[in-house]
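Undergrad: Contents of target-v9.txt (compact mmCIF, C-alpha atoms) are given next:
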# COMPACT_ATOMS: atom_id res chain seq x y z
CA MET A 251 -27.16 -62.81 7.83
CA PHE A 252 -23.73 -61.60 9.09
CA LYS A 253 -21.77 -63.64 11.48
CA ASP A 254 -20.39 -61.82 14.51
CA VAL A 255 -22.31 -58.66 13.70
CA GLU A 256 -21.13 -57.03 16.93
CA HIS A 257 -17.66 -56.70 15.36
CA LEU A 258 -19.09 -54.46 12.68
CA ILE A 259 -20.99 -52.40 15.21
CA ARG A 260 -17.83 -51.98 17.25
CA LEU A 261 -15.99 -50.80 14.13
CA ALA A 262 -18.79 -48.38 13.26
CA VAL A 263 -18.75 -46.94 16.77
CA LEU A 264 -14.98 -46.48 16.61
CA MET A 265 -15.29 -44.67 13.30
CA ALA A 266 -18.06 -42.50 14.64
CA ILE A 267 -15.91 -41.55 17.63
CA ALA A 268 -12.99 -40.76 15.33
CA LEU A 269 -15.22 -38.58 13.16
CA ILE A 270 -16.61 -36.70 16.12
CA ALA A 271 -13.11 -36.21 17.52
CA PHE A 272 -11.97 -34.84 14.16
CA VAL A 273 -14.92 -32.44 13.85
CA THR A 274 -14.47 -31.25 17.43
CA LEU A 275 -10.73 -30.74 17.12
CA ARG A 276 -11.15 -28.95 13.81
CA ALA A 277 -13.71 -26.61 15.33
CA LEU A 278 -11.32 -25.85 18.18
CA VAL A 279 -8.29 -25.28 15.96
CA VAL A 280 -9.73 -23.52 12.90
CA PRO A 281 -10.84 -19.91 13.55
CA HIS A 282 -14.59 -19.48 13.19
CA SER A 283 -14.24 -16.87 10.42
CA PHE A 284 -12.06 -19.13 8.26
CA GLY A 285 -13.79 -19.61 4.92
CA GLU A 286 -16.12 -16.65 5.35
CA TYR A 287 -14.94 -15.10 2.06
CA GLY A 288 -12.50 -17.74 0.84
CA HIS A 289 -9.72 -20.01 2.03
CA TYR A 290 -8.52 -17.59 4.70
CA ARG A 291 -9.50 -16.06 8.03
CA GLY A 292 -12.29 -13.56 7.28
CA ASP A 293 -11.59 -11.58 10.46
CA ALA A 294 -8.10 -10.73 9.15
CA ILE A 295 -9.68 -8.18 6.78
CA ALA A 296 -11.24 -6.21 9.63
CA GLU A 297 -8.05 -6.49 11.71
CA ILE A 298 -5.89 -5.06 8.93
CA ALA A 299 -8.48 -2.36 8.17
CA GLY A 300 -8.62 -1.40 11.85
CA ARG A 301 -5.06 -0.03 12.10
CA PRO A 302 -4.71 3.71 12.74
CA ALA A 303 -3.45 5.99 9.95
CA ALA A 304 -0.28 8.10 10.32
CA PHE A 305 -0.99 10.54 7.48
CA ALA A 306 -4.06 12.70 8.07
CA GLY A 307 -4.69 13.67 4.44
CA HIS A 308 -4.64 17.21 3.03
CA ASP A 309 -8.41 17.71 3.46
CA ILE A 310 -7.96 17.50 7.23
CA CYS A 311 -5.02 19.96 7.12
CA GLU A 312 -6.95 22.44 4.99
CA ALA A 313 -9.92 22.41 7.37
CA CYS A 314 -7.82 24.43 9.86
CA HIS A 315 -5.05 25.93 7.69
CA ALA A 316 -7.28 27.64 5.13
CA ASP A 317 -4.84 30.60 5.02
CA VAL A 318 -2.04 28.34 3.77
CA LEU A 319 -4.36 26.88 1.14
CA GLU A 320 -5.15 30.40 -0.11
CA GLN A 321 -1.42 31.10 -0.36
CA LYS A 322 -0.78 27.84 -2.21
CA LYS A 323 -3.56 28.58 -4.69
CA GLN A 324 -1.57 31.57 -5.92
CA GLY A 325 1.33 29.39 -7.04
CA LYS A 326 2.28 26.10 -8.59
CA HIS A 327 2.60 24.34 -5.24
CA VAL A 328 -1.20 24.12 -4.98
CA VAL A 329 -0.90 20.55 -6.27
CA VAL A 330 1.63 19.54 -3.61
CA PRO A 331 -0.14 17.89 -0.66
CA CYS A 332 0.77 19.24 2.80
CA GLU A 333 2.27 16.02 4.13
CA ALA A 334 4.63 15.66 1.15
CA CYS A 335 6.88 18.18 2.91
CA HIS A 336 5.53 18.33 6.48
CA GLY A 337 5.47 14.55 6.99
CA ALA A 338 2.83 12.44 8.72
CA GLN A 339 0.56 14.70 10.78
CA ALA A 340 -2.35 12.55 11.93
CA LYS A 341 -1.15 12.90 15.54
CA HIS A 342 -1.05 16.66 15.17
CA ALA A 343 -4.54 16.63 13.62
CA ASP A 344 -5.88 14.57 16.53
CA ASP A 345 -4.32 16.82 19.16
CA PRO A 346 -3.22 20.13 17.61
CA ALA A 347 -2.52 21.75 20.97
CA SER A 348 0.18 19.42 22.26
CA VAL A 349 1.62 17.78 19.11
CA LYS A 350 3.40 20.42 17.03
CA PRO A 351 4.93 19.66 13.62
CA ALA A 352 8.69 20.12 13.37
CA LYS A 353 10.08 23.22 11.62
CA LEU A 354 11.34 22.25 8.16
CA ASP A 355 14.78 22.87 6.72
CA THR A 356 14.13 24.25 3.23
CA ALA A 357 17.72 23.48 2.21
CA VAL A 358 16.89 19.77 2.49
CA ILE A 359 13.16 19.59 1.71
CA CYS A 360 13.15 21.60 -1.53
CA ALA A 361 16.16 19.78 -2.98
CA ARG A 362 14.39 16.44 -2.68
CA CYS A 363 12.17 17.42 -5.58
CA HIS A 364 14.04 20.21 -7.32
CA GLU A 365 17.65 18.96 -7.40
CA ALA A 366 18.54 18.50 -11.06
CA ASN A 367 18.53 14.95 -12.38
CA SER A 368 18.56 13.77 -15.96
CA ALA A 369 15.83 11.23 -15.21
CA LYS A 370 13.35 13.91 -14.10
CA PRO A 371 10.74 15.14 -16.60
CA LYS A 372 12.21 17.90 -18.74
CA ASP A 373 9.39 20.36 -17.92
CA PHE A 374 9.84 19.95 -14.18
CA PRO A 375 11.69 22.92 -12.59
CA GLN A 376 15.13 21.73 -11.49
CA VAL A 377 18.24 23.45 -10.21
CA ASP A 378 21.73 22.50 -9.20
CA THR A 379 21.26 23.72 -5.62
CA ALA A 380 24.96 24.30 -4.92
CA ASP A 381 25.22 26.43 -8.04
CA HIS A 382 21.79 28.07 -7.70
CA SER A 383 21.96 29.30 -4.11
CA GLY A 384 25.54 28.62 -3.02
CA GLY A 385 24.40 26.68 0.03
CA LEU A 386 21.79 29.19 1.18
CA ALA A 387 18.51 27.66 2.38
CA CYS A 388 15.81 27.97 -0.31
CA GLY A 389 13.48 29.67 2.18
CA THR A 390 15.82 32.67 2.25
CA CYS A 391 14.37 33.86 -1.06
CA HIS A 392 11.40 31.60 -1.84
CA GLN A 393 8.18 31.31 0.14
CA PRO A 394 7.62 27.54 0.01
CA HIS A 395 3.82 27.77 -0.19
CA ARG A 396 4.03 30.26 -3.09
CA PRO A 397 7.53 29.75 -4.45
CA LYS A 398 7.57 32.05 -7.49
CA ILE A 399 9.53 35.23 -6.73
CA GLU A 400 7.80 38.40 -7.89
CA THR A 401 10.63 40.78 -8.80
CA ALA A 402 9.34 43.54 -6.50
CA ALA A 403 8.69 41.20 -3.60
CA VAL A 404 12.12 39.62 -3.36
CA THR A 405 13.29 41.70 -0.42
CA ASN A 406 9.93 41.35 1.36
CA SER A 407 9.73 37.58 1.11
CA ALA A 408 13.20 37.30 2.57
CA THR A 409 12.15 39.07 5.75
CA GLU A 410 8.77 37.30 5.80
CA GLY A 411 10.45 33.91 5.99
CA PRO A 412 8.79 30.55 5.43
CA LYS A 413 5.39 29.99 6.95
CA MET B 31 -35.92 -41.38 21.64
CA ASP B 32 -34.63 -42.12 25.11
CA ILE B 33 -31.56 -40.27 26.25
CA THR B 34 -29.30 -43.06 27.28
CA ARG B 35 -25.84 -42.46 28.62
CA ARG B 36 -24.33 -43.59 25.32
CA ARG B 37 -26.48 -41.24 23.26
CA LEU B 38 -25.76 -38.33 25.56
CA LEU B 39 -22.02 -38.92 25.26
CA LEU B 40 -22.35 -38.92 21.49
CA LEU B 41 -24.45 -35.76 21.47
CA LEU B 42 -22.27 -33.66 23.78
CA PRO B 43 -19.32 -32.96 21.41
CA ALA B 44 -21.70 -32.03 18.60
CA ALA B 45 -23.56 -29.64 20.91
CA ALA B 46 -20.25 -28.10 22.01
CA VAL B 47 -19.31 -27.41 18.39
CA ALA B 48 -22.70 -25.85 17.68
CA TRP B 49 -22.46 -23.66 20.81
CA LYS B 50 -19.04 -22.35 19.75
CA TYR B 51 -20.55 -21.09 16.50
CA VAL B 52 -23.43 -19.44 18.36
CA GLN B 53 -21.02 -17.72 20.74
CA ALA B 54 -18.73 -16.45 18.00
CA GLY B 55 -21.44 -14.60 16.09
CA THR B 56 -20.58 -12.65 12.97
CA PRO B 57 -17.57 -10.27 12.87
CA GLU B 58 -18.34 -6.58 12.67
CA ALA B 59 -17.62 -4.92 9.34
CA ALA B 60 -16.22 -1.38 9.09
CA PRO B 61 -19.11 1.10 9.14
CA ASN B 62 -20.32 2.31 5.74
CA TYR B 63 -17.69 0.33 3.89
CA LYS B 64 -18.96 -2.49 1.70
CA LEU B 65 -16.39 -5.01 0.51
CA THR B 66 -18.37 -5.84 -2.61
CA GLU B 67 -18.67 -2.25 -3.84
CA HIS B 68 -14.98 -1.63 -4.56
CA TRP B 69 -12.24 -3.06 -6.74
CA TRP B 70 -9.00 -1.31 -5.93
CA GLY B 71 -6.06 -0.60 -8.17
CA MET B 72 -3.58 2.18 -8.85
CA LEU B 73 -2.59 4.39 -11.73
CA ILE B 74 1.04 5.43 -12.13
CA ASP B 75 1.87 8.20 -14.55
CA ILE B 76 5.56 7.59 -15.30
CA PRO B 77 6.19 10.92 -17.12
CA LYS B 78 5.11 12.73 -13.93
CA CYS B 79 7.42 10.90 -11.52
CA ILE B 80 10.35 13.02 -10.32
CA GLY B 81 11.95 10.31 -8.16
CA CYS B 82 11.77 12.37 -4.97
CA GLY B 83 11.19 9.29 -2.81
CA SER B 84 8.27 10.84 -0.89
CA CYS B 85 6.17 7.74 -1.50
CA VAL B 86 8.87 5.40 -0.19
CA ARG B 87 9.35 7.46 2.97
CA ALA B 88 5.62 7.85 3.54
CA CYS B 89 5.04 4.12 3.07
CA ALA B 90 7.76 3.28 5.59
CA GLU B 91 6.29 5.68 8.14
CA GLU B 92 2.66 4.73 7.61
CA ASN B 93 3.28 0.99 7.71
CA ASP B 94 6.31 0.72 9.99
CA VAL B 95 8.38 -0.96 7.26
CA PRO B 96 11.77 -2.07 8.60
CA GLU B 97 14.86 -0.24 7.35
CA GLY B 98 16.29 -1.82 4.21
CA TYR B 99 12.95 -3.32 3.12
CA TYR B 100 10.42 -1.69 0.82
CA ARG B 101 6.72 -2.14 0.17
CA THR B 102 7.07 0.41 -2.58
CA TRP B 103 10.25 1.61 -4.24
CA ILE B 104 11.42 3.69 -7.18
CA GLU B 105 13.68 2.48 -9.95
CA ARG B 106 15.75 4.74 -12.16
CA TYR B 107 16.08 3.45 -15.70
CA HIS B 108 18.91 4.41 -17.97
CA VAL B 109 18.55 3.21 -21.52
CA ALA B 110 21.62 3.90 -23.64
CA ASP B 111 20.94 4.71 -27.28
CA TRP B 112 22.25 1.39 -28.52
CA LYS B 113 20.88 -1.12 -25.98
CA ILE B 114 17.15 -0.70 -25.57
CA GLU B 115 16.83 -4.34 -24.47
CA ARG B 116 19.32 -4.05 -21.63
CA PRO B 117 18.51 -0.99 -19.54
CA ASP B 118 20.57 -0.10 -16.48
CA VAL B 119 18.23 -0.10 -13.48
CA GLU B 120 19.16 1.20 -10.07
CA SER B 121 17.27 1.83 -6.88
CA PRO B 122 19.65 3.05 -4.15
CA ASN B 123 17.94 2.43 -0.79
CA GLY B 124 14.68 1.97 -2.72
CA GLY B 125 14.88 5.61 -3.79
CA LYS B 126 14.04 6.60 -0.22
CA GLN B 127 16.56 9.46 -0.18
CA GLY B 128 16.02 10.33 -3.82
CA PHE B 129 18.63 9.71 -6.49
CA PRO B 130 22.11 11.15 -6.86
CA PRO B 131 22.42 13.49 -9.84
CA ASN B 132 23.45 11.81 -13.07
CA GLU B 133 24.22 13.76 -16.18
CA ILE B 134 24.19 11.06 -18.79
CA GLY B 135 22.72 10.78 -22.24
CA GLY B 136 20.22 8.27 -23.50
CA LYS B 137 16.79 7.83 -22.05
CA ASN B 138 16.38 8.27 -18.31
CA PHE B 139 13.21 8.01 -16.24
CA PHE B 140 11.80 6.84 -12.92
CA VAL B 141 9.41 3.94 -12.40
CA PRO B 142 7.69 3.63 -9.01
CA LYS B 143 6.85 0.05 -8.12
CA LEU B 144 4.62 -1.65 -5.59
CA CYS B 145 2.42 -4.71 -5.25
CA ASN B 146 0.24 -4.97 -8.35
CA HIS B 147 -2.68 -6.40 -6.35
CA CYS B 148 -3.22 -9.04 -9.00
CA ALA B 149 -6.71 -10.41 -9.46
CA ASP B 150 -5.18 -13.84 -10.19
CA SER B 151 -2.20 -13.45 -7.93
CA PRO B 152 0.51 -16.13 -8.04
CA CYS B 153 1.50 -15.37 -4.43
CA THR B 154 -1.88 -16.22 -2.89
CA GLN B 155 -2.15 -19.41 -4.90
CA VAL B 156 0.99 -20.92 -3.39
CA CYS B 157 0.22 -20.17 0.26
CA PRO B 158 -0.15 -23.56 1.99
CA VAL B 159 -2.09 -22.26 4.98
CA GLY B 160 -4.42 -19.56 3.64
CA ALA B 161 -2.43 -16.74 5.23
CA THR B 162 -2.50 -14.56 2.13
CA PHE B 163 -5.51 -13.86 0.01
CA VAL B 164 -7.29 -11.47 -2.34
CA THR B 165 -10.05 -9.62 -0.50
CA PRO B 166 -13.49 -9.24 -2.12
CA ASP B 167 -12.50 -5.62 -2.93
CA GLY B 168 -9.37 -6.73 -4.77
CA VAL B 169 -6.51 -6.14 -2.33
CA VAL B 170 -3.87 -8.80 -1.69
CA LEU B 171 -3.28 -9.02 2.06
CA VAL B 172 -1.28 -11.13 4.52
CA ASP B 173 -2.79 -12.47 7.73
CA LYS B 174 0.21 -12.05 10.03
CA SER B 175 -1.19 -14.32 12.72
CA TYR B 176 -1.58 -17.15 10.22
CA CYS B 177 1.64 -16.81 8.21
CA LEU B 178 4.27 -19.47 8.84
CA GLY B 179 7.07 -17.58 7.13
CA CYS B 180 7.66 -20.39 4.62
CA ARG B 181 8.63 -17.91 1.84
CA TYR B 182 6.68 -19.65 -0.93
CA CYS B 183 4.88 -16.40 -1.74
CA VAL B 184 8.13 -14.42 -1.78
CA GLN B 185 9.51 -16.53 -4.59
CA ALA B 186 6.13 -16.77 -6.36
CA CYS B 187 5.66 -13.02 -6.85
CA PRO B 188 6.90 -12.18 -10.35
CA TYR B 189 7.29 -8.52 -9.38
CA GLY B 190 9.47 -9.03 -6.29
CA CYS B 191 7.00 -7.21 -4.07
CA ARG B 192 7.18 -9.44 -1.01
CA PHE B 193 9.73 -9.86 1.74
CA ILE B 194 10.04 -11.53 5.13
CA ASN B 195 9.87 -9.04 7.96
CA PRO B 196 12.96 -9.79 10.07
CA LYS B 197 11.14 -8.82 13.30
CA THR B 198 8.02 -10.96 12.90
CA ASP B 199 9.47 -13.56 10.49
CA THR B 200 6.25 -13.39 8.47
CA ALA B 201 5.63 -12.37 4.87
CA GLU B 202 4.97 -8.70 4.33
CA LYS B 203 3.87 -6.59 1.40
CA CYS B 204 1.97 -3.51 0.31
CA THR B 205 -1.57 -3.55 1.72
CA LEU B 206 -2.60 -0.69 -0.58
CA CYS B 207 -2.99 1.08 2.79
CA TYR B 208 -6.07 -1.03 3.42
CA HIS B 209 -6.55 0.68 6.80
CA ARG B 210 -6.78 4.02 4.95
CA ILE B 211 -8.78 3.22 1.82
CA THR B 212 -11.52 1.51 3.85
CA LYS B 213 -11.91 4.79 5.76
CA GLY B 214 -12.23 6.94 2.64
CA LEU B 215 -8.61 8.13 2.62
CA THR B 216 -6.15 7.54 -0.20
CA THR B 217 -2.96 5.50 0.30
CA ALA B 218 0.00 7.14 2.06
CA CYS B 219 2.09 7.07 -1.13
CA CYS B 220 -0.67 8.70 -3.21
CA GLU B 221 -1.35 11.19 -0.42
CA VAL B 222 2.20 12.57 -0.44
CA CYS B 223 3.03 12.34 -4.15
CA PRO B 224 3.81 15.98 -5.05
CA THR B 225 3.20 15.62 -8.79
CA GLY B 226 0.19 13.31 -8.77
CA ALA B 227 2.17 10.55 -10.46
CA ARG B 228 0.35 8.02 -8.27
CA GLN B 229 -3.43 7.82 -8.10
CA LEU B 230 -5.48 5.33 -6.12
CA ALA B 231 -8.23 3.96 -8.36
CA ASP B 232 -11.51 2.25 -7.57
CA LEU B 233 -12.19 0.29 -10.75
CA LYS B 234 -15.73 -0.56 -9.65
CA ASN B 235 -16.69 3.08 -9.26
CA PRO B 236 -17.88 4.38 -12.66
CA LYS B 237 -17.17 7.96 -11.53
CA ASP B 238 -13.52 7.29 -10.77
CA PRO B 239 -11.30 9.48 -13.02
CA ILE B 240 -9.21 6.43 -13.95
CA HIS B 241 -11.80 5.31 -16.51
CA GLU B 242 -11.58 8.59 -18.41
CA PHE B 243 -7.79 8.43 -18.17
CA MET B 244 -7.60 4.86 -19.47
CA ARG B 245 -9.90 5.71 -22.39
CA THR B 246 -7.67 8.56 -23.50
CA HIS B 247 -4.18 7.19 -22.76
CA ALA B 248 -2.11 4.16 -23.69
CA VAL B 249 -2.00 2.35 -20.37
CA GLN B 250 -0.15 -0.88 -19.64
CA VAL B 251 0.52 -3.22 -16.72
CA LEU B 252 3.83 -4.85 -15.79
CA LYS B 253 4.49 -8.31 -17.26
CA PRO B 254 1.11 -8.67 -19.01
CA HIS B 255 2.27 -11.97 -20.52
CA MET B 256 2.11 -13.54 -17.07
CA ALA B 257 -1.67 -13.01 -16.94
CA THR B 258 -1.62 -12.12 -13.27
CA GLY B 259 -4.51 -9.66 -13.60
CA ALA B 260 -2.26 -6.86 -12.29
CA LYS B 261 -4.22 -3.77 -11.25
CA VAL B 262 -1.41 -1.23 -11.07
CA PHE B 263 -1.64 0.55 -14.39
CA TYR B 264 1.28 2.44 -15.89
CA ASN B 265 0.95 5.33 -18.28
CA GLY B 266 3.82 6.24 -20.60
CA MET B 267 5.74 3.07 -19.82
CA ASP B 268 8.84 2.45 -21.91
CA GLY B 269 9.28 -0.95 -23.50
CA SER B 270 12.47 -1.51 -21.52
CA VAL B 271 10.61 -1.56 -18.18
CA ARG B 272 10.51 -5.01 -16.65
So, in terms of structure tokens, how does the structure I just supplied come out?

TA:
Amino acid sequence: MFKDVEHLIRLAVLMAIALIAFVTLRALVVPHSFGEYGHYRGDAIAEIAGRPAAFAGHDICEACHADVLEQKKQGKHVVVPCEACHGAQAKHADDPASVKPAKLDTAVICARCHEANSAKPKDFPQVDTADHSGGLACGTCHQPHRPKIETAAVTNSATEGPK
Amino acid sequence: MDITRRRLLLLLPAAAVAWKYVQAGTPEAAPNYKLTEHWWGMLIDIPKCIGCGSCVRACAEENDVPEGYYRTWIERYHVADWKIERPDVESPNGGKQGFPPNEIGGKNFFVPKLCNHCADSPCTQVCPVGATFVTPDGVVLVDKSYCLGCRYCVQACPYGCRFINPKTDTAEKCTLCYHRITKGLTTACCEVCPTGARQLADLKNPKDPIHEFMRTHAVQVLKPHMATGAKVFYNGMDGSVR
């Protein structure tokens, strides 16, 4: 029926080889998890999820420092998470013996939140630190975990110092 | 069927491909975390934000964000009495060191910003290689090993949430601390927020407090007219916020 049918067979074989080469190359080049969830590498999700965390989370802190939590519960700072002031402490939580958190400078830390600014909510306690303490560190008078000064306890808290 | 030399040669590549799939197996998922059971978003309570910059610092530390680039940042809005449509917006160093005092009239407030983890995100749609995507639990991520650094996504994001990391030359953005939320922790920014202005929200969890909050408050997303399906919800947002 066809003349020179071997030409067609040769063409078909060539196309088959090209197809196989394409499929093979694609399998080598495209990661196996590509398309698992969509048009991306499915393994990337697990890779990104597998990174270690730097912030331990306040639940971990409170598991050991229950005394600080009790102190915080007596004041408004109960809502402030530990690492808001103390910084990332996952390394300390993993190895409390050798990794010690740095001592904080209350003159810097407190002002970050409480320095007066017209854009802050009106009901948020704010001070002009230079005017309020004249350069003294906040921890001189205030106990950071329970910052409200009871009139009788002013002299005591000064000697107690920040915890 | 006889195995001739020709047939064997044809079969070998196909067998090699099949064997590669057998060898690869299925990737291990994180224990106890099911991708299909979550749909992550965030709630930002603007009247609670004090602009302390804790979130910006925590984000930089948690995610090793290069200096001068921000995955989250805080903007200070100043709306003068007579120009509600043209607010003055500033964000010195992303608000990382807080904001210098300003005693001015008008309306002043802080707006924390981050990736909105859009359900129909413009940034993932433009990626030519499939390096950025929305996960089944609703987080927009970048596959660093696949990103070419072509910057299409950077210009596509209507919220300006993406940048090119100068060290890796790949696109980078907020991951909603994916490495934390998949382990049951909250994001670094939510963890350190002293006033609770930021709350991580699992929209698929009926017990998440966000549902009660959204029922009882007027909550809005940024640029709703762009229909991006943004999942960072803002409470108490002024009309001047862009």

Undergrad: Please report, as a tab-separated table, each residue of chain A lying at most 9 Å from chain B, together with the nearest pair of atoms and the separation in Å rounded to one decimal; use only C-alpha atoms, and order rows by chain and ascending residue number.

TA:
residue	atom	partner	partner_atom	distance
A:Ala266	CA	B:Leu40	CA	8.8
A:Ile267	CA	B:Leu40	CA	8.0
A:Ile270	CA	B:Pro43	CA	7.0
A:Ala271	CA	B:Pro43	CA	8.0
A:Val273	CA	B:Val47	CA	8.1
A:Thr274	CA	B:Val47	CA	6.3
A:Ala277	CA	B:Val47	CA	6.4
A:Leu278	CA	B:Val47	CA	8.1
A:His282	CA	B:Tyr51	CA	7.0
A:Ser283	CA	B:Pro57	CA	7.8
A:Phe284	CA	B:Gly160	CA	8.9
A:Tyr287	CA	B:Pro166	CA	7.3
A:Gly288	CA	B:Phe163	CA	8.0
A:His289	CA	B:Gly160	CA	5.6
A:Tyr290	CA	B:Gly160	CA	4.7
A:Arg291	CA	B:Gly160	CA	7.6
A:Gly292	CA	B:Pro57	CA	8.4
A:Asp293	CA	B:Pro57	CA	6.6
A:Ala294	CA	B:Asp173	CA	5.8
A:Ile295	CA	B:Thr165	CA	7.4
A:Ala296	CA	B:Ala59	CA	6.5
A:Glu297	CA	B:His209	CA	8.8
A:Ile298	CA	B:His209	CA	6.2
A:Ala299	CA	B:His209	CA	3.9
A:Gly300	CA	B:His209	CA	5.8
A:Arg301	CA	B:His209	CA	5.6
A:Pro302	CA	B:His209	CA	6.9
A:Ala303	CA	B:Arg210	CA	6.3
A:Ala304	CA	B:Glu92	CA	5.2
A:Phe305	CA	B:Ala218	CA	6.5
A:Ala306	CA	B:Leu215	CA	8.4
A:Gly307	CA	B:Glu221	CA	6.4
A:His308	CA	B:Glu221	CA	7.7
A:His327	CA	B:Pro224	CA	8.4
A:Val329	CA	B:Pro224	CA	6.7
A:Val330	CA	B:Pro224	CA	4.4
A:Pro331	CA	B:Val222	CA	5.8
A:Cys332	CA	B:Val222	CA	7.6
A:Glu333	CA	B:Val222	CA	5.7
A:Ala334	CA	B:Val222	CA	4.2
A:Cys335	CA	B:Val222	CA	8.0
A:Gly337	CA	B:Ala88	CA	7.5
A:Ala338	CA	B:Ala88	CA	7.5
A:Ala361	CA	B:Cys82	CA	8.8
A:Arg362	CA	B:Cys82	CA	5.4
A:Cys363	CA	B:Cys82	CA	5.1
A:His364	CA	B:Cys82	CA	8.5
A:Glu365	CA	B:Pro131	CA	7.7
A:Ala366	CA	B:Pro131	CA	6.5
A:Asn367	CA	B:Pro131	CA	4.9
A:Ser368	CA	B:Glu133	CA	5.7
A:Ala369	CA	B:Phe139	CA	4.3
A:Lys370	CA	B:Ile80	CA	4.9
A:Pro371	CA	B:Pro77	CA	6.2
A:Phe374	CA	B:Ile80	CA	7.9

Undergrad: Could the residues in this selection be written to a file with C-alpha atoms, as a PDB file, in the coordinates of the input?

TA:
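Writing the result to again-v4.pdb gives the following:
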ATOM      1  CA  ALA A 266     -18.060 -42.500  14.640  1.00  0.00           C
ATOM      2  CA  ILE A 267     -15.910 -41.550  17.630  1.00  0.00           C
ATOM      3  CA  ILE A 270     -16.610 -36.700  16.120  1.00  0.00           C
ATOM      4  CA  ALA A 271     -13.110 -36.210  17.520  1.00  0.00           C
ATOM      5  CA  VAL A 273     -14.920 -32.440  13.850  1.00  0.00           C
ATOM      6  CA  THR A 274     -14.470 -31.250  17.430  1.00  0.00           C
ATOM      7  CA  ALA A 277     -13.710 -26.610  15.330  1.00  0.00           C
ATOM      8  CA  LEU A 278     -11.320 -25.850  18.180  1.00  0.00           C
ATOM      9  CA  HIS A 282     -14.590 -19.480  13.190  1.00  0.00           C
ATOM     10  CA  SER A 283     -14.240 -16.870  10.420  1.00  0.00           C
ATOM     11  CA  PHE A 284     -12.060 -19.130   8.260  1.00  0.00           C
ATOM     12  CA  TYR A 287     -14.940 -15.100   2.060  1.00  0.00           C
ATOM     13  CA  GLY A 288     -12.500 -17.740   0.840  1.00  0.00           C
ATOM     14  CA  HIS A 289      -9.720 -20.010   2.030  1.00  0.00           C
ATOM     15  CA  TYR A 290      -8.520 -17.590   4.700  1.00  0.00           C
ATOM     16  CA  ARG A 291      -9.500 -16.060   8.030  1.00  0.00           C
ATOM     17  CA  GLY A 292     -12.290 -13.560   7.280  1.00  0.00           C
ATOM     18  CA  ASP A 293     -11.590 -11.580  10.460  1.00  0.00           C
ATOM     19  CA  ALA A 294      -8.100 -10.730   9.150  1.00  0.00           C
ATOM     20  CA  ILE A 295      -9.680  -8.180   6.780  1.00  0.00           C
ATOM     21  CA  ALA A 296     -11.240  -6.210   9.630  1.00  0.00           C
ATOM     22  CA  GLU A 297      -8.050  -6.490  11.710  1.00  0.00           C
ATOM     23  CA  ILE A 298      -5.890  -5.060   8.930  1.00  0.00           C
ATOM     24  CA  ALA A 299      -8.480  -2.360   8.170  1.00  0.00           C
ATOM     25  CA  GLY A 300      -8.620  -1.400  11.850  1.00  0.00           C
ATOM     26  CA  ARG A 301      -5.060  -0.030  12.100  1.00  0.00           C
ATOM     27  CA  PRO A 302      -4.710   3.710  12.740  1.00  0.00           C
ATOM     28  CA  ALA A 303      -3.450   5.990   9.950  1.00  0.00           C
ATOM     29  CA  ALA A 304      -0.280   8.100  10.320  1.00  0.00           C
ATOM     30  CA  PHE A 305      -0.990  10.540   7.480  1.00  0.00           C
ATOM     31  CA  ALA A 306      -4.060  12.700   8.070  1.00  0.00           C
ATOM     32  CA  GLY A 307      -4.690  13.670   4.440  1.00  0.00           C
ATOM     33  CA  HIS A 308      -4.640  17.210   3.030  1.00  0.00           C
ATOM     34  CA  HIS A 327       2.600  24.340  -5.240  1.00  0.00           C
ATOM     35  CA  VAL A 329      -0.900  20.550  -6.270  1.00  0.00           C
ATOM     36  CA  VAL A 330       1.630  19.540  -3.610  1.00  0.00           C
ATOM     37  CA  PRO A 331      -0.140  17.890  -0.660  1.00  0.00           C
ATOM     38  CA  CYS A 332       0.770  19.240   2.800  1.00  0.00           C
ATOM     39  CA  GLU A 333       2.270  16.020   4.130  1.00  0.00           C
ATOM     40  CA  ALA A 334       4.630  15.660   1.150  1.00  0.00           C
ATOM     41  CA  CYS A 335       6.880  18.180   2.910  1.00  0.00           C
ATOM     42  CA  GLY A 337       5.470  14.550   6.990  1.00  0.00           C
ATOM     43  CA  ALA A 338       2.830  12.440   8.720  1.00  0.00           C
ATOM     44  CA  ALA A 361      16.160  19.780  -2.980  1.00  0.00           C
ATOM     45  CA  ARG A 362      14.390  16.440  -2.680  1.00  0.00           C
ATOM     46  CA  CYS A 363      12.170  17.420  -5.580  1.00  0.00           C
ATOM     47  CA  HIS A 364      14.040  20.210  -7.320  1.00  0.00           C
ATOM     48  CA  GLU A 365      17.650  18.960  -7.400  1.00  0.00           C
ATOM     49  CA  ALA A 366      18.540  18.500 -11.060  1.00  0.00           C
ATOM     50  CA  ASN A 367      18.530  14.950 -12.380  1.00  0.00           C
ATOM     51  CA  SER A 368      18.560  13.770 -15.960  1.00  0.00           C
ATOM     52  CA  ALA A 369      15.830  11.230 -15.210  1.00  0.00           C
ATOM     53  CA  LYS A 370      13.350  13.910 -14.100  1.00  0.00           C
ATOM     54  CA  PRO A 371      10.740  15.140 -16.600  1.00  0.00           C
ATOM     55  CA  PHE A 374       9.840  19.950 -14.180  1.00  0.00           C
TER      56      PHE A 374
END

Undergrad: What is the distance between CA of Asp199 in chain B and CA of Val184 in chain B, in Å to one decimal?

TA: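 So the answer is 12.4 Å.
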
Undergrad: So which one's closest to Ile194 in chain B, B:Ile240, B:Val95, B:Val119, B:Val262? Using only C-alpha atoms, please.

TA: B:Val95

Undergrad: Hey, can you check how far CA of Lys143 in chain B sits from CA of Trp103 in chain B?

TA: 5.4 Å
